file input.pdb (PDB, C-alpha atoms and all ligand atoms)
MODEL        1
ATOM      1  CA  MET A   1     110.640 122.861 118.464  1.00  0.00           C
ATOM      2  CA  SER A   2     108.586 120.266 116.683  1.00  0.00           C
ATOM      3  CA  SER A   3     109.625 118.268 113.682  1.00  0.00           C
ATOM      4  CA  ASP A   4     107.220 116.761 111.212  1.00  0.00           C
ATOM      5  CA  SER A   5     107.332 113.467 113.032  1.00  0.00           C
ATOM      6  CA  THR A   6     106.900 114.647 116.621  1.00  0.00           C
ATOM      7  CA  ILE A   7     104.751 117.572 117.625  1.00  0.00           C
ATOM      8  CA  ARG A   8     105.119 118.931 121.108  1.00  0.00           C
ATOM      9  CA  LEU A   9     102.090 120.866 122.333  1.00  0.00           C
ATOM     10  CA  GLN A  10     103.040 124.209 123.835  1.00  0.00           C
ATOM     11  CA  GLY A  11     101.689 127.585 124.859  1.00  0.00           C
ATOM     12  CA  GLY A  12     100.103 129.299 121.883  1.00  0.00           C
ATOM     13  CA  ASP A  13      98.444 126.099 120.675  1.00  0.00           C
ATOM     14  CA  ALA A  14      94.673 125.893 120.389  1.00  0.00           C
ATOM     15  CA  LEU A  15      92.343 123.082 119.351  1.00  0.00           C
ATOM     16  CA  ILE A  16      89.339 123.755 117.145  1.00  0.00           C
ATOM     17  CA  ALA A  17      86.624 121.091 116.842  1.00  0.00           C
ATOM     18  CA  VAL A  18      84.528 122.023 113.824  1.00  0.00           C
ATOM     19  CA  ASP A  19      80.779 121.362 113.795  1.00  0.00           C
ATOM     20  CA  VAL A  20      80.640 118.008 115.608  1.00  0.00           C
ATOM     21  CA  GLN A  21      76.839 118.191 115.737  1.00  0.00           C
ATOM     22  CA  ASN A  22      74.143 115.521 115.673  1.00  0.00           C
ATOM     23  CA  ASP A  23      72.770 116.527 112.272  1.00  0.00           C
ATOM     24  CA  PHE A  24      76.178 115.825 110.713  1.00  0.00           C
ATOM     25  CA  LEU A  25      76.422 112.371 112.247  1.00  0.00           C
ATOM     26  CA  PRO A  26      74.844 109.182 110.863  1.00  0.00           C
ATOM     27  CA  GLY A  27      71.082 109.460 111.434  1.00  0.00           C
ATOM     28  CA  GLY A  28      71.208 113.259 111.267  1.00  0.00           C
ATOM     29  CA  SER A  29      69.504 115.392 108.631  1.00  0.00           C
ATOM     30  CA  LEU A  30      72.777 116.111 106.821  1.00  0.00           C
ATOM     31  CA  ALA A  31      74.785 113.080 107.784  1.00  0.00           C
ATOM     32  CA  VAL A  32      78.447 112.864 106.917  1.00  0.00           C
ATOM     33  CA  PRO A  33      79.464 109.278 106.129  1.00  0.00           C
ATOM     34  CA  GLU A  34      81.337 107.927 109.168  1.00  0.00           C
ATOM     35  CA  GLY A  35      80.967 111.339 110.767  1.00  0.00           C
ATOM     36  CA  ASP A  36      80.732 109.695 114.163  1.00  0.00           C
ATOM     37  CA  ALA A  37      84.301 108.442 113.742  1.00  0.00           C
ATOM     38  CA  VAL A  38      85.638 111.921 114.510  1.00  0.00           C
ATOM     39  CA  VAL A  39      84.168 111.876 118.020  1.00  0.00           C
ATOM     40  CA  PRO A  40      86.566 109.436 119.740  1.00  0.00           C
ATOM     41  CA  ALA A  41      89.389 110.795 117.584  1.00  0.00           C
ATOM     42  CA  LEU A  42      88.748 114.366 118.729  1.00  0.00           C
ATOM     43  CA  ASN A  43      88.265 113.300 122.343  1.00  0.00           C
ATOM     44  CA  ARG A  44      91.893 112.182 122.428  1.00  0.00           C
ATOM     45  CA  TYR A  45      93.058 115.580 121.231  1.00  0.00           C
ATOM     46  CA  VAL A  46      90.714 117.359 123.629  1.00  0.00           C
ATOM     47  CA  ALA A  47      92.171 115.379 126.514  1.00  0.00           C
ATOM     48  CA  ALA A  48      95.721 116.210 125.418  1.00  0.00           C
ATOM     49  CA  PHE A  49      94.923 119.931 125.227  1.00  0.00           C
ATOM     50  CA  ALA A  50      92.970 119.992 128.468  1.00  0.00           C
ATOM     51  CA  ALA A  51      95.775 118.167 130.281  1.00  0.00           C
ATOM     52  CA  ARG A  52      98.112 120.996 129.283  1.00  0.00           C
ATOM     53  CA  ALA A  53      95.573 123.725 130.054  1.00  0.00           C
ATOM     54  CA  LEU A  54      95.551 124.691 126.375  1.00  0.00           C
ATOM     55  CA  PRO A  55      92.392 126.230 124.936  1.00  0.00           C
ATOM     56  CA  VAL A  56      89.703 124.226 123.166  1.00  0.00           C
ATOM     57  CA  PHE A  57      87.185 125.791 120.806  1.00  0.00           C
ATOM     58  CA  ALA A  58      84.097 124.118 119.354  1.00  0.00           C
ATOM     59  CA  THR A  59      82.316 125.694 116.403  1.00  0.00           C
ATOM     60  CA  ARG A  60      78.723 124.949 115.525  1.00  0.00           C
ATOM     61  CA  ASP A  61      76.198 125.760 112.832  1.00  0.00           C
ATOM     62  CA  TRP A  62      73.438 127.595 114.673  1.00  0.00           C
ATOM     63  CA  HIS A  63      70.810 128.271 112.059  1.00  0.00           C
ATOM     64  CA  PRO A  64      67.350 129.808 112.288  1.00  0.00           C
ATOM     65  CA  ALA A  65      64.563 127.601 110.879  1.00  0.00           C
ATOM     66  CA  ASN A  66      64.381 129.778 107.734  1.00  0.00           C
ATOM     67  CA  HIS A  67      68.093 129.786 107.023  1.00  0.00           C
ATOM     68  CA  CYS A  68      69.228 130.715 103.526  1.00  0.00           C
ATOM     69  CA  SER A  69      71.238 127.515 103.072  1.00  0.00           C
ATOM     70  CA  PHE A  70      68.104 125.370 103.313  1.00  0.00           C
ATOM     71  CA  LYS A  71      66.392 124.170 100.137  1.00  0.00           C
ATOM     72  CA  ALA A  72      63.090 125.884 101.001  1.00  0.00           C
ATOM     73  CA  GLN A  73      64.948 129.203 100.880  1.00  0.00           C
ATOM     74  CA  GLY A  74      66.798 128.358  97.671  1.00  0.00           C
ATOM     75  CA  GLY A  75      69.864 126.884  99.329  1.00  0.00           C
ATOM     76  CA  ILE A  76      71.423 123.513  98.601  1.00  0.00           C
ATOM     77  CA  TRP A  77      71.040 121.730 101.933  1.00  0.00           C
ATOM     78  CA  PRO A  78      68.193 120.072 103.819  1.00  0.00           C
ATOM     79  CA  PRO A  79      67.361 121.830 107.085  1.00  0.00           C
ATOM     80  CA  HIS A  80      70.107 121.138 109.618  1.00  0.00           C
ATOM     81  CA  CYS A  81      71.474 122.417 112.903  1.00  0.00           C
ATOM     82  CA  VAL A  82      68.498 124.609 113.709  1.00  0.00           C
ATOM     83  CA  ALA A  83      69.388 126.487 116.887  1.00  0.00           C
ATOM     84  CA  GLY A  84      68.041 124.870 120.018  1.00  0.00           C
ATOM     85  CA  THR A  85      67.135 121.535 118.403  1.00  0.00           C
ATOM     86  CA  ARG A  86      68.696 118.184 119.147  1.00  0.00           C
ATOM     87  CA  GLY A  87      70.242 118.144 115.688  1.00  0.00           C
ATOM     88  CA  ALA A  88      72.224 121.254 116.555  1.00  0.00           C
ATOM     89  CA  GLU A  89      73.602 119.827 119.775  1.00  0.00           C
ATOM     90  CA  PHE A  90      77.154 118.594 119.917  1.00  0.00           C
ATOM     91  CA  ALA A  91      77.532 114.834 119.558  1.00  0.00           C
ATOM     92  CA  PRO A  92      76.683 113.346 122.950  1.00  0.00           C
ATOM     93  CA  GLY A  93      79.974 111.444 122.947  1.00  0.00           C
ATOM     94  CA  LEU A  94      82.096 114.559 122.439  1.00  0.00           C
ATOM     95  CA  VAL A  95      83.791 115.342 125.735  1.00  0.00           C
ATOM     96  CA  LEU A  96      84.466 119.053 125.930  1.00  0.00           C
ATOM     97  CA  PRO A  97      86.231 120.601 128.896  1.00  0.00           C
ATOM     98  CA  GLU A  98      84.277 123.026 131.029  1.00  0.00           C
ATOM     99  CA  ALA A  99      86.397 125.877 129.720  1.00  0.00           C
ATOM    100  CA  ALA A 100      85.762 125.071 126.052  1.00  0.00           C
ATOM    101  CA  VAL A 101      84.657 128.092 124.039  1.00  0.00           C
ATOM    102  CA  VAL A 102      81.620 127.520 121.823  1.00  0.00           C
ATOM    103  CA  ILE A 103      81.547 129.544 118.611  1.00  0.00           C
ATOM    104  CA  SER A 104      78.110 129.749 116.965  1.00  0.00           C
ATOM    105  CA  LYS A 105      77.997 130.677 113.288  1.00  0.00           C
ATOM    106  CA  ALA A 106      75.489 131.422 110.551  1.00  0.00           C
ATOM    107  CA  ALA A 107      72.905 132.313 113.178  1.00  0.00           C
ATOM    108  CA  THR A 108      70.881 134.768 111.084  1.00  0.00           C
ATOM    109  CA  PRO A 109      68.584 133.852 108.153  1.00  0.00           C
ATOM    110  CA  GLU A 110      70.559 135.630 105.466  1.00  0.00           C
ATOM    111  CA  ALA A 111      74.138 134.734 106.363  1.00  0.00           C
ATOM    112  CA  ASP A 112      75.829 131.380 105.872  1.00  0.00           C
ATOM    113  CA  SER A 113      79.374 130.533 106.810  1.00  0.00           C
ATOM    114  CA  TYR A 114      81.155 127.238 106.435  1.00  0.00           C
ATOM    115  CA  SER A 115      84.105 128.806 108.246  1.00  0.00           C
ATOM    116  CA  GLY A 116      84.215 129.168 112.007  1.00  0.00           C
ATOM    117  CA  PHE A 117      85.803 132.552 111.404  1.00  0.00           C
ATOM    118  CA  GLY A 118      82.945 133.911 109.279  1.00  0.00           C
ATOM    119  CA  GLY A 119      80.992 136.538 111.184  1.00  0.00           C
ATOM    120  CA  THR A 120      82.275 135.331 114.563  1.00  0.00           C
ATOM    121  CA  ASP A 121      84.777 136.520 117.139  1.00  0.00           C
ATOM    122  CA  LEU A 122      86.872 133.359 116.821  1.00  0.00           C
ATOM    123  CA  ALA A 123      89.949 135.143 115.436  1.00  0.00           C
ATOM    124  CA  ALA A 124      89.763 137.861 118.082  1.00  0.00           C
ATOM    125  CA  ARG A 125      89.430 135.304 120.860  1.00  0.00           C
ATOM    126  CA  LEU A 126      92.344 133.263 119.541  1.00  0.00           C
ATOM    127  CA  ARG A 127      94.558 136.329 119.278  1.00  0.00           C
ATOM    128  CA  ALA A 128      93.505 137.574 122.710  1.00  0.00           C
ATOM    129  CA  GLY A 129      94.589 134.211 124.094  1.00  0.00           C
ATOM    130  CA  GLY A 130      97.924 134.365 122.290  1.00  0.00           C
ATOM    131  CA  ALA A 131      97.192 131.437 119.971  1.00  0.00           C
ATOM    132  CA  THR A 132      99.535 131.004 117.028  1.00  0.00           C
ATOM    133  CA  ARG A 133      99.184 127.325 116.124  1.00  0.00           C
ATOM    134  CA  LEU A 134      95.761 125.869 115.468  1.00  0.00           C
ATOM    135  CA  PHE A 135      94.946 122.162 115.459  1.00  0.00           C
ATOM    136  CA  ILE A 136      91.772 121.703 113.460  1.00  0.00           C
ATOM    137  CA  GLY A 137      89.506 118.683 113.019  1.00  0.00           C
ATOM    138  CA  GLY A 138      85.813 117.881 112.767  1.00  0.00           C
ATOM    139  CA  LEU A 139      83.127 117.964 110.093  1.00  0.00           C
ATOM    140  CA  ALA A 140      83.087 118.086 107.248  1.00  0.00           C
ATOM    141  CA  THR A 141      86.458 117.951 105.506  1.00  0.00           C
ATOM    142  CA  ASP A 142      85.181 119.384 102.236  1.00  0.00           C
ATOM    143  CA  TYR A 143      83.068 122.220 103.688  1.00  0.00           C
ATOM    144  CA  CYS A 144      83.436 123.625 107.166  1.00  0.00           C
ATOM    145  CA  VAL A 145      86.866 122.177 107.910  1.00  0.00           C
ATOM    146  CA  LEU A 146      88.202 123.329 104.543  1.00  0.00           C
ATOM    147  CA  ASN A 147      86.875 126.853 104.968  1.00  0.00           C
ATOM    148  CA  THR A 148      87.927 127.155 108.598  1.00  0.00           C
ATOM    149  CA  VAL A 149      91.448 126.015 107.700  1.00  0.00           C
ATOM    150  CA  ARG A 150      91.597 128.400 104.775  1.00  0.00           C
ATOM    151  CA  ASP A 151      90.573 131.368 106.929  1.00  0.00           C
ATOM    152  CA  ALA A 152      92.975 130.358 109.699  1.00  0.00           C
ATOM    153  CA  LEU A 153      95.883 130.312 107.263  1.00  0.00           C
ATOM    154  CA  ALA A 154      94.772 133.584 105.690  1.00  0.00           C
ATOM    155  CA  GLY A 155      94.678 135.053 109.184  1.00  0.00           C
ATOM    156  CA  GLY A 156      98.305 134.166 109.763  1.00  0.00           C
ATOM    157  CA  PHE A 157      97.841 131.145 111.997  1.00  0.00           C
ATOM    158  CA  GLU A 158      99.905 128.009 111.581  1.00  0.00           C
ATOM    159  CA  VAL A 159      97.542 125.101 110.960  1.00  0.00           C
ATOM    160  CA  TRP A 160      97.878 121.443 111.783  1.00  0.00           C
ATOM    161  CA  LEU A 161      95.092 119.445 110.203  1.00  0.00           C
ATOM    162  CA  LEU A 162      93.941 116.494 112.304  1.00  0.00           C
ATOM    163  CA  ALA A 163      93.806 113.954 109.494  1.00  0.00           C
ATOM    164  CA  ASP A 164      92.497 111.211 111.758  1.00  0.00           C
ATOM    165  CA  ALA A 165      89.676 113.392 113.090  1.00  0.00           C
ATOM    166  CA  ILE A 166      87.945 114.609 109.910  1.00  0.00           C
ATOM    167  CA  ARG A 167      85.417 113.083 107.514  1.00  0.00           C
ATOM    168  CA  ALA A 168      84.046 114.323 104.205  1.00  0.00           C
ATOM    169  CA  VAL A 169      80.530 114.691 102.816  1.00  0.00           C
ATOM    170  CA  ASP A 170      81.766 113.710  99.338  1.00  0.00           C
ATOM    171  CA  VAL A 171      78.701 115.083  97.524  1.00  0.00           C
ATOM    172  CA  LYS A 172      80.861 114.419  94.479  1.00  0.00           C
ATOM    173  CA  ALA A 173      83.188 111.455  94.881  1.00  0.00           C
ATOM    174  CA  GLY A 174      86.656 112.709  95.694  1.00  0.00           C
ATOM    175  CA  ASP A 175      85.585 116.030  97.218  1.00  0.00           C
ATOM    176  CA  GLY A 176      87.221 115.118 100.508  1.00  0.00           C
ATOM    177  CA  ALA A 177      90.500 114.141  98.873  1.00  0.00           C
ATOM    178  CA  ARG A 178      90.485 117.334  96.824  1.00  0.00           C
ATOM    179  CA  ALA A 179      89.824 119.408  99.939  1.00  0.00           C
ATOM    180  CA  LEU A 180      92.723 117.703 101.682  1.00  0.00           C
ATOM    181  CA  GLY A 181      94.968 118.518  98.723  1.00  0.00           C
ATOM    182  CA  LYS A 182      93.830 122.122  98.735  1.00  0.00           C
ATOM    183  CA  MET A 183      94.457 122.548 102.458  1.00  0.00           C
ATOM    184  CA  ARG A 184      97.965 121.107 102.103  1.00  0.00           C
ATOM    185  CA  GLN A 185      98.612 123.371  99.156  1.00  0.00           C
ATOM    186  CA  LEU A 186      97.526 126.379 101.232  1.00  0.00           C
ATOM    187  CA  GLY A 187      99.987 125.406 103.944  1.00  0.00           C
ATOM    188  CA  ALA A 188      98.077 123.223 106.403  1.00  0.00           C
ATOM    189  CA  ARG A 189     100.115 120.321 107.729  1.00  0.00           C
ATOM    190  CA  PRO A 190      98.314 117.009 108.188  1.00  0.00           C
ATOM    191  CA  MET A 191      99.079 115.073 111.322  1.00  0.00           C
ATOM    192  CA  ARG A 192      97.742 112.177 113.354  1.00  0.00           C
ATOM    193  CA  TYR A 193      97.365 111.714 117.074  1.00  0.00           C
ATOM    194  CA  GLU A 194     100.399 109.440 117.140  1.00  0.00           C
ATOM    195  CA  ASP A 195     102.511 112.398 115.976  1.00  0.00           C
ATOM    196  CA  LEU A 196     102.013 114.171 119.304  1.00  0.00           C
ATOM    197  CA  ALA A 197     104.857 113.876 121.744  1.00  0.00           C
ATOM    198  CA  PRO A 198     103.626 112.037 124.846  1.00  0.00           C
TER     199      PRO A 198
HETATM  200 ZN    ZN B 201      74.841 124.933 107.824  1.00  0.00          ZN
ENDMDL
END
call {"tool": "encode", "arguments": {"input": "input.pdb", "output": "structure tokens"}}
result
Amino acid sequence: MSSDSTIRLQGGDALIAVDVQNDFLPGGSLAVPEGDAVVPALNRYVAAFAARALPVFATRDWHPANHCSFKAQGGIWPPHCVAGTRGAEFAPGLVLPEAAVVISKAATPEADSYSGFGGTDLAARLRAGGATRLFIGGLATDYCVLNTVRDALAGGFEVWLLADAIRAVDVKAGDGARALGKMRQLGARPMRYEDLAP
């Protein structure tokens, strides 16, 4: 059993890397400040999961060029993560194991989803694999991480939030901190890499 100070990875654990895509990194069309900092942070978790043959999932925005979330269609965002473009690719530094499962979301013009669970088979795949505890990090704290965590908890999963592997957009100052508070309030437990048992 794990305590709050030491977390021992075990069968039933799954890692979810949320939207670590070029457009969300510095220089991208919807850059998250310090978004690139999650890449080495997540790589450490990926290595820990892969070493134990535990599953790794990577979600991605996979939008058509006329996606409803883009300003030209009345949305609030600049075009980002258009399927097949470099901006939609995972950060080149992100080291995913061969067996990693890629979950594409919001891939039709009319549907948006900040959550990796929205309109995808993520929950079904997790359950089929016997996952009960999810370790979630990525981009961005106040949008896709928040909504993925919320759906995971609503779906009955236990959630550990990788506090050292998330960054916020902070459209309004403090959004990231508020999202963190909300996720804790909903039952997500923040942790850092150092909390993992060796
Ligand atoms: Zn999007």
call {"tool": "closest_residue", "arguments": {"input": "input.pdb", "among": "A:Ala100, A:Ala72, A:Ala14, A:Leu42", "to": "Gly129 in chain A", "atoms": "all atoms listed in the file"}}
result
A:Ala14
call {"tool": "residues_near_ligand", "arguments": {"input": "input.pdb", "ligand": "ligand ZN 201 (chain B)", "cutoff": "7 Å", "atoms": "all atoms listed in the file", "output": "VMD selection string"}}
result
chain A and resid 61 63 69 80 to 81 112 114
call {"tool": "atom_distance", "arguments": {"input": "input.pdb", "atom1": "CA of Gly118 in chain A", "atom2": "CA of Val95 in chain A"}}
result
24.8 Å
call {"tool": "atom_distance", "arguments": {"input": "input.pdb", "atom1": "CA of Ala37 in chain A", "atom2": "CA of Arg167 in chain A"}}
result
7.8 Å
call {"tool": "closest_residue", "arguments": {"input": "input.pdb", "among": "A:Cys68, A:Ile76, A:Ala48, A:Val20", "to": "Val102 in chain A", "atoms": "all atoms listed in the file"}}
result
A:Val20
call {"tool": "closest_atom_pairs", "arguments": {"input": "input.pdb", "of": "range 16-114 of chain A", "to": "range 137-142 of chain A", "cutoff": "12 Å", "atoms": "only C-alpha atoms", "output": "JSON lines"}}
result
{"residue": "A:Ile16", "atom": "CA", "partner": "A:Gly137", "partner_atom": "CA", "distance": 6.5}
{"residue": "A:Ala17", "atom": "CA", "partner": "A:Gly138", "partner_atom": "CA", "distance": 5.3}
{"residue": "A:Val18", "atom": "CA", "partner": "A:Gly138", "partner_atom": "CA", "distance": 4.5}
{"residue": "A:Asp19", "atom": "CA", "partner": "A:Leu139", "partner_atom": "CA", "distance": 5.5}
{"residue": "A:Val20", "atom": "CA", "partner": "A:Gly138", "partner_atom": "CA", "distance": 5.9}
{"residue": "A:Gln21", "atom": "CA", "partner": "A:Leu139", "partner_atom": "CA", "distance": 8.5}
{"residue": "A:Asn22", "atom": "CA", "partner": "A:Leu139", "partner_atom": "CA", "distance": 10.9}
{"residue": "A:Asp23", "atom": "CA", "partner": "A:Leu139", "partner_atom": "CA", "distance": 10.7}
{"residue": "A:Phe24", "atom": "CA", "partner": "A:Leu139", "partner_atom": "CA", "distance": 7.3}
{"residue": "A:Leu25", "atom": "CA", "partner": "A:Leu139", "partner_atom": "CA", "distance": 9.0}
{"residue": "A:Leu30", "atom": "CA", "partner": "A:Ala140", "partner_atom": "CA", "distance": 10.5}
{"residue": "A:Ala31", "atom": "CA", "partner": "A:Ala140", "partner_atom": "CA", "distance": 9.7}
{"residue": "A:Val32", "atom": "CA", "partner": "A:Ala140", "partner_atom": "CA", "distance": 7.0}
{"residue": "A:Pro33", "atom": "CA", "partner": "A:Ala140", "partner_atom": "CA", "distance": 9.6}
{"residue": "A:Glu34", "atom": "CA", "partner": "A:Leu139", "partner_atom": "CA", "distance": 10.2}
{"residue": "A:Gly35", "atom": "CA", "partner": "A:Leu139", "partner_atom": "CA", "distance": 7.0}
{"residue": "A:Asp36", "atom": "CA", "partner": "A:Leu139", "partner_atom": "CA", "distance": 9.5}
{"residue": "A:Ala37", "atom": "CA", "partner": "A:Gly138", "partner_atom": "CA", "distance": 9.6}
{"residue": "A:Val38", "atom": "CA", "partner": "A:Gly138", "partner_atom": "CA", "distance": 6.2}
{"residue": "A:Val39", "atom": "CA", "partner": "A:Gly138", "partner_atom": "CA", "distance": 8.1}
{"residue": "A:Pro40", "atom": "CA", "partner": "A:Gly138", "partner_atom": "CA", "distance": 11.0}
{"residue": "A:Ala41", "atom": "CA", "partner": "A:Gly137", "partner_atom": "CA", "distance": 9.1}
{"residue": "A:Leu42", "atom": "CA", "partner": "A:Gly137", "partner_atom": "CA", "distance": 7.2}
{"residue": "A:Asn43", "atom": "CA", "partner": "A:Gly137", "partner_atom": "CA", "distance": 10.8}
{"residue": "A:Arg44", "atom": "CA", "partner": "A:Gly137", "partner_atom": "CA", "distance": 11.7}
{"residue": "A:Tyr45", "atom": "CA", "partner": "A:Gly137", "partner_atom": "CA", "distance": 9.5}
{"residue": "A:Val46", "atom": "CA", "partner": "A:Gly137", "partner_atom": "CA", "distance": 10.8}
{"residue": "A:Val56", "atom": "CA", "partner": "A:Gly137", "partner_atom": "CA", "distance": 11.6}
{"residue": "A:Phe57", "atom": "CA", "partner": "A:Gly137", "partner_atom": "CA", "distance": 10.8}
{"residue": "A:Ala58", "atom": "CA", "partner": "A:Gly138", "partner_atom": "CA", "distance": 9.2}
{"residue": "A:Thr59", "atom": "CA", "partner": "A:Gly138", "partner_atom": "CA", "distance": 9.3}
{"residue": "A:Arg60", "atom": "CA", "partner": "A:Leu139", "partner_atom": "CA", "distance": 9.9}
{"residue": "A:Asp61", "atom": "CA", "partner": "A:Leu139", "partner_atom": "CA", "distance": 10.8}
{"residue": "A:Phe90", "atom": "CA", "partner": "A:Gly138", "partner_atom": "CA", "distance": 11.3}
{"residue": "A:Ala91", "atom": "CA", "partner": "A:Gly138", "partner_atom": "CA", "distance": 11.1}
{"residue": "A:Leu94", "atom": "CA", "partner": "A:Gly138", "partner_atom": "CA", "distance": 10.9}
{"residue": "A:Tyr114", "atom": "CA", "partner": "A:Ala140", "partner_atom": "CA", "distance": 9.4}
call {"tool": "write_last_selection", "arguments": {"input": "input.pdb", "atoms": "C-alpha atoms", "output": "tab-separated table (two decimals), in the coordinates of the input"}}
result
chain	number	residue	atom	x	y	z
A	16	ILE	CA	89.34	123.76	117.14
A	17	ALA	CA	86.62	121.09	116.84
A	18	VAL	CA	84.53	122.02	113.82
A	19	ASP	CA	80.78	121.36	113.80
A	20	VAL	CA	80.64	118.01	115.61
A	21	GLN	CA	76.84	118.19	115.74
A	22	ASN	CA	74.14	115.52	115.67
A	23	ASP	CA	72.77	116.53	112.27
A	24	PHE	CA	76.18	115.82	110.71
A	25	LEU	CA	76.42	112.37	112.25
A	30	LEU	CA	72.78	116.11	106.82
A	31	ALA	CA	74.78	113.08	107.78
A	32	VAL	CA	78.45	112.86	106.92
A	33	PRO	CA	79.46	109.28	106.13
A	34	GLU	CA	81.34	107.93	109.17
A	35	GLY	CA	80.97	111.34	110.77
A	36	ASP	CA	80.73	109.70	114.16
A	37	ALA	CA	84.30	108.44	113.74
A	38	VAL	CA	85.64	111.92	114.51
A	39	VAL	CA	84.17	111.88	118.02
A	40	PRO	CA	86.57	109.44	119.74
A	41	ALA	CA	89.39	110.80	117.58
A	42	LEU	CA	88.75	114.37	118.73
A	43	ASN	CA	88.26	113.30	122.34
A	44	ARG	CA	91.89	112.18	122.43
A	45	TYR	CA	93.06	115.58	121.23
A	46	VAL	CA	90.71	117.36	123.63
A	56	VAL	CA	89.70	124.23	123.17
A	57	PHE	CA	87.18	125.79	120.81
A	58	ALA	CA	84.10	124.12	119.35
A	59	THR	CA	82.32	125.69	116.40
A	60	ARG	CA	78.72	124.95	115.52
A	61	ASP	CA	76.20	125.76	112.83
A	90	PHE	CA	77.15	118.59	119.92
A	91	ALA	CA	77.53	114.83	119.56
A	94	LEU	CA	82.10	114.56	122.44
A	114	TYR	CA	81.16	127.24	106.44
call {"tool": "closest_residue", "arguments": {"input": "input.pdb", "among": "A:Lys71, A:Gly174, A:Pro198, A:Ala163", "to": "Ala51 in chain A", "atoms": "only C-alpha atoms"}}
result
A:Pro198
call {"tool": "closest_residue", "arguments": {"input": "input.pdb", "among": "A:Asp175, A:Pro92, A:Pro78, A:His67", "to": "Lys105 in chain A", "atoms": "only C-alpha atoms"}}
result
A:His67
call {"tool": "closest_residue", "arguments": {"input": "input.pdb", "among": "A:Asn66, A:Asn147, A:Thr120, A:Thr132", "to": "Thr108 in chain A", "atoms": "only C-alpha atoms"}}
result
A:Asn66
call {"tool": "atom_distance", "arguments": {"input": "input.pdb", "atom1": "CA of Cys144 in chain A", "atom2": "CA of Arg184 in chain A"}}
result
15.6 Å
call {"tool": "closest_residue", "arguments": {"input": "input.pdb", "among": "A:Ala88, A:Ala152, A:Val145, A:Leu54", "to": "Ile166 in chain A", "atoms": "all atoms listed in the file"}}
result
A:Val145
call {"tool": "resolve_selection", "arguments": {"input": "input.pdb", "expression": "the PyMOL selection byres (((chain A and resi 134) around 10) and not hetatm)", "output": "PyMOL selection string"}}
result
chain A and resi 12-16+56+126+131-133+135-137+149+152-153+157-161+188
call {"tool": "axis_aligned_box", "arguments": {"input": "input.pdb", "around": "range 161-175 of chain A", "padding_each_side": "8 Å", "output": "JSON"}}
result
{"center_x": 86.9, "center_y": 115.3, "center_z": 103.8, "size_x": 32.4, "size_y": 24.2, "size_z": 34.6}
